[in-house]
Amino acid sequence: MRKILFFFLIPSFLLAIEEKEGTFGGDFLRIERGYICGDIESVSQNPAIIGTLEGPSFLFGYKSYLCETKYSSLALSIPFKNIAILYSLNYLDYGRIKETTHNSKDGTGREYSADSICSRFGLGVKTKNAGFGGNINIVRESINDINADGIETSFGFIFNPIESLFLGGSIKNITLKSLSFIKEKEIFPKEFGIGVGYKKRKIAFNLDLLTSDDRKFDASLGFKWFINSLFFLNVGYIDKNPDFGLSFNHKNISISYNFLPLSFESVHSISVTIQPQIDTDETLIFNPL
């Protein structure tokens with residue numbers, strides 16, 4: 001099952017294993033999902049969110065992903081009046097991968113280690129009813145002791161035309177330096193997206209329309225219900241899969257758990273966010289979720 005799932009997730013991986021050429025093509029960046037008009041957990045989806053955060057914010061996330069892979073992330077955002085900066089570190093460990101060839105489909109007896117790491121530097125600017133932002137991602141992908149380095153950038157905006165309504169858009173993964181192990185070069189999967197967010201008292205809603213160089217249009221849908229001042233529920237539809245979550249909030253700390261049930265394996269994730277306390281009973285400009 002593990003070999004089949006890796007083939008599904010990262011088609012170029014077989015080439016990297018057998019010929020030591022090619023890369024994952026930055027596919028691991030797709031693991032970071034969120035909403036274009038979201039919160040700090042969505043800055044990878046729209047860097048304009050950086051400038052809209054209320055006060056300093058710190059995020060730690062951990063995800064038990066497919067094929068026994070593990071994904072960890074750290075993010076820190078610091079505002080300075082109408083400007084905010086962000087740094088995040090994201091690490092994906094693919095674990096030990098069995099080598100297979102055309103003649104040894106059950107394995108050659110050798111194994112490979114593989115991982116990906118991304119350092120993100122972001123800047124966001126906020127005006128009265130709009131926000132703009134951009135980031136630069138420095139990516140390193142490794143198979144055993146062979147590394148591929150690349151750089152990409154992303155841009156986005158958020159607009160608040162009327163109370164409770166948010167509109168946004170983003171262009172992600174514009175390649176500045178292609179990933180390359182030895183000969184093969186691959187650009188990052190460029191993505192385009194537009195989204196709408198709505199928040200009013202006890203509910204919040206998000207809808208995104210996304211497309212990319214290698215995919216047709218996808219839709220992401222999210223609904224959040226604030227049960228009380230301590231708990232809220234998340235229900236979403238991301239990448240053609242349902243997503244369920246529960247969050248606990250107390251003062252300036254939020255702990256969230258999400259469950260993504262797939263037909264072949266489930267994904268569990270947990271995140272801890274520390275930021276100034278936000279009153280969820282009132283509509284807040286530039287805090288759509």
# chains A, B, ... in the order shown; residues from 1 in each chain; ligands from 1
>>> select_by_dssp(residues="segment 34-133 of chain A", states="helix (DSSP H, G or I)", output="list of chain:residue names")
A:Ile40, A:Glu41, A:Ser42, A:Pro47, A:Ala48, A:Ile49, A:Ile50, A:Gly51, A:Thr52, A:Leu66, A:Cys67, A:Glu68
>>> select_by_dssp(residues="segment 43-250 of chain A", states="strand (DSSP E or B)", output="VMD selection string")
chain A and resid 57 to 64 70 to 80 83 to 98 111 to 126 130 to 143 146 to 159 165 to 177 179 to 180 185 to 186 191 to 200 203 to 212 215 to 226 231 to 238 241 to 250
>>> atom_distance(atom1="atom CA of Leu260 of chain A", atom2="atom CA of Ile50 of chain A")
26.0 Å
>>> atom_distance(atom1="atom CA of Ile270 of chain A", atom2="atom CA of Arg201 of chain A")
25.1 Å
>>> residues_around(residues="segment 246-252 of chain A", least_positions_apart="6", cutoff="7 Å", atoms="only C-alpha atoms", output="list in words")
Leu230, Phe231, Phe232, Leu233, Asn234, Asn258, Ile274, Gln275, Pro276 and Gln277 of chain A
>>> closest_residue(among="A:Ser72, A:Ile97, A:Lys202, A:Ile171", to="Gly109 of chain A", atoms="only C-alpha atoms")
A:Ile97
>>> decode(residues="segment 95-108 of chain A", atoms="all heavy atoms", output="tab-separated table (two decimals), in the first residue's frame")
chain	number	residue	atom	x	y	z
A	95	GLY	N	10.17	9.49	5.70
A	95	GLY	CA	10.55	8.24	6.32
A	95	GLY	C	11.45	7.41	5.41
A	95	GLY	O	12.09	7.90	4.48
A	96	ARG	N	11.49	6.10	5.66
A	96	ARG	CA	12.30	5.19	4.88
A	96	ARG	C	11.47	4.63	3.72
A	96	ARG	O	10.38	4.11	3.92
A	96	ARG	CB	12.81	4.04	5.74
A	96	ARG	CG	13.62	4.47	6.95
A	96	ARG	CD	14.90	5.16	6.55
A	96	ARG	NE	15.80	4.28	5.79
A	96	ARG	CZ	16.98	4.65	5.33
A	96	ARG	NH1	17.40	5.89	5.50
A	96	ARG	NH2	17.73	3.79	4.65
A	97	ILE	N	12.00	4.74	2.51
A	97	ILE	CA	11.29	4.32	1.32
A	97	ILE	C	12.02	3.12	0.69
A	97	ILE	O	13.22	3.17	0.46
A	97	ILE	CB	11.22	5.46	0.29
A	97	ILE	CG1	10.75	6.76	0.96
A	97	ILE	CG2	10.31	5.08	-0.86
A	97	ILE	CD1	9.40	6.64	1.63
A	98	LYS	N	11.28	2.09	0.40
A	98	LYS	CA	11.86	0.89	-0.21
A	98	LYS	C	12.16	1.15	-1.68
A	98	LYS	O	11.34	1.67	-2.43
A	98	LYS	CB	10.90	-0.28	-0.07
A	98	LYS	CG	11.43	-1.60	-0.63
A	98	LYS	CD	10.37	-2.68	-0.57
A	98	LYS	CE	9.99	-3.02	0.85
A	98	LYS	NZ	9.04	-4.16	0.90
A	99	GLU	N	13.37	0.77	-2.10
A	99	GLU	CA	13.76	0.91	-3.49
A	99	GLU	C	13.14	-0.23	-4.31
A	99	GLU	O	13.21	-1.40	-3.93
A	99	GLU	CB	15.27	0.86	-3.65
A	99	GLU	CG	15.71	1.01	-5.11
A	99	GLU	CD	17.18	0.68	-5.30
A	99	GLU	OE1	17.59	-0.43	-4.92
A	99	GLU	OE2	17.91	1.54	-5.83
A	100	THR	N	12.51	0.14	-5.41
A	100	THR	CA	11.97	-0.85	-6.34
A	100	THR	C	12.46	-0.54	-7.75
A	100	THR	O	12.73	0.62	-8.08
A	100	THR	CB	10.44	-0.86	-6.32
A	100	THR	OG1	9.95	0.42	-6.73
A	100	THR	CG2	9.90	-1.18	-4.93
A	101	THR	N	12.60	-1.56	-8.56
A	101	THR	CA	12.97	-1.39	-9.95
A	101	THR	C	12.01	-2.21	-10.81
A	101	THR	O	11.15	-2.93	-10.29
A	101	THR	CB	14.42	-1.86	-10.21
A	101	THR	OG1	14.49	-3.28	-9.99
A	101	THR	CG2	15.39	-1.15	-9.29
A	102	HIS	N	12.17	-2.11	-12.11
A	102	HIS	CA	11.31	-2.86	-13.02
A	102	HIS	C	11.47	-4.37	-12.80
A	102	HIS	O	10.50	-5.13	-12.89
A	102	HIS	CB	11.64	-2.50	-14.47
A	102	HIS	CG	10.83	-3.26	-15.47
A	102	HIS	ND1	9.50	-2.98	-15.71
A	102	HIS	CD2	11.15	-4.30	-16.30
A	102	HIS	CE1	9.03	-3.80	-16.63
A	102	HIS	NE2	10.02	-4.62	-17.01
A	103	ASN	N	12.68	-4.80	-12.49
A	103	ASN	CA	12.93	-6.22	-12.29
A	103	ASN	C	12.75	-6.67	-10.85
A	103	ASN	O	12.71	-7.88	-10.59
A	103	ASN	CB	14.35	-6.57	-12.76
A	103	ASN	CG	14.55	-6.34	-14.25
A	103	ASN	OD1	13.63	-6.57	-15.04
A	103	ASN	ND2	15.73	-5.87	-14.64
A	104	SER	N	12.67	-5.73	-9.92
A	104	SER	CA	12.52	-6.06	-8.49
A	104	SER	C	11.38	-5.23	-7.92
A	104	SER	O	11.60	-4.28	-7.16
A	104	SER	CB	13.82	-5.80	-7.73
A	104	SER	OG	14.89	-6.53	-8.27
A	105	LYS	N	10.17	-5.59	-8.31
A	105	LYS	CA	9.01	-4.82	-7.90
A	105	LYS	C	8.72	-4.94	-6.41
A	105	LYS	O	8.04	-4.09	-5.83
A	105	LYS	CB	7.79	-5.23	-8.72
A	105	LYS	CG	7.94	-4.92	-10.21
A	105	LYS	CD	6.70	-5.29	-10.99
A	105	LYS	CE	6.87	-4.94	-12.46
A	105	LYS	NZ	5.68	-5.29	-13.27
A	106	ASP	N	9.20	-6.02	-5.79
A	106	ASP	CA	9.00	-6.20	-4.35
A	106	ASP	C	10.13	-5.59	-3.53
A	106	ASP	O	10.12	-5.68	-2.30
A	106	ASP	CB	8.87	-7.69	-4.01
A	106	ASP	CG	7.61	-8.30	-4.60
A	106	ASP	OD1	6.60	-7.56	-4.70
A	106	ASP	OD2	7.63	-9.49	-4.95
A	107	GLY	N	11.08	-4.99	-4.19
A	107	GLY	CA	12.18	-4.34	-3.49
A	107	GLY	C	13.52	-4.97	-3.77
A	107	GLY	O	13.62	-6.17	-4.02
A	108	THR	N	14.55	-4.12	-3.73
A	108	THR	CA	15.92	-4.59	-3.97
A	108	THR	C	16.65	-4.91	-2.67
A	108	THR	O	17.78	-5.40	-2.70
A	108	THR	CB	16.72	-3.52	-4.72
A	108	THR	OG1	16.82	-2.34	-3.90
A	108	THR	CG2	16.05	-3.16	-6.03
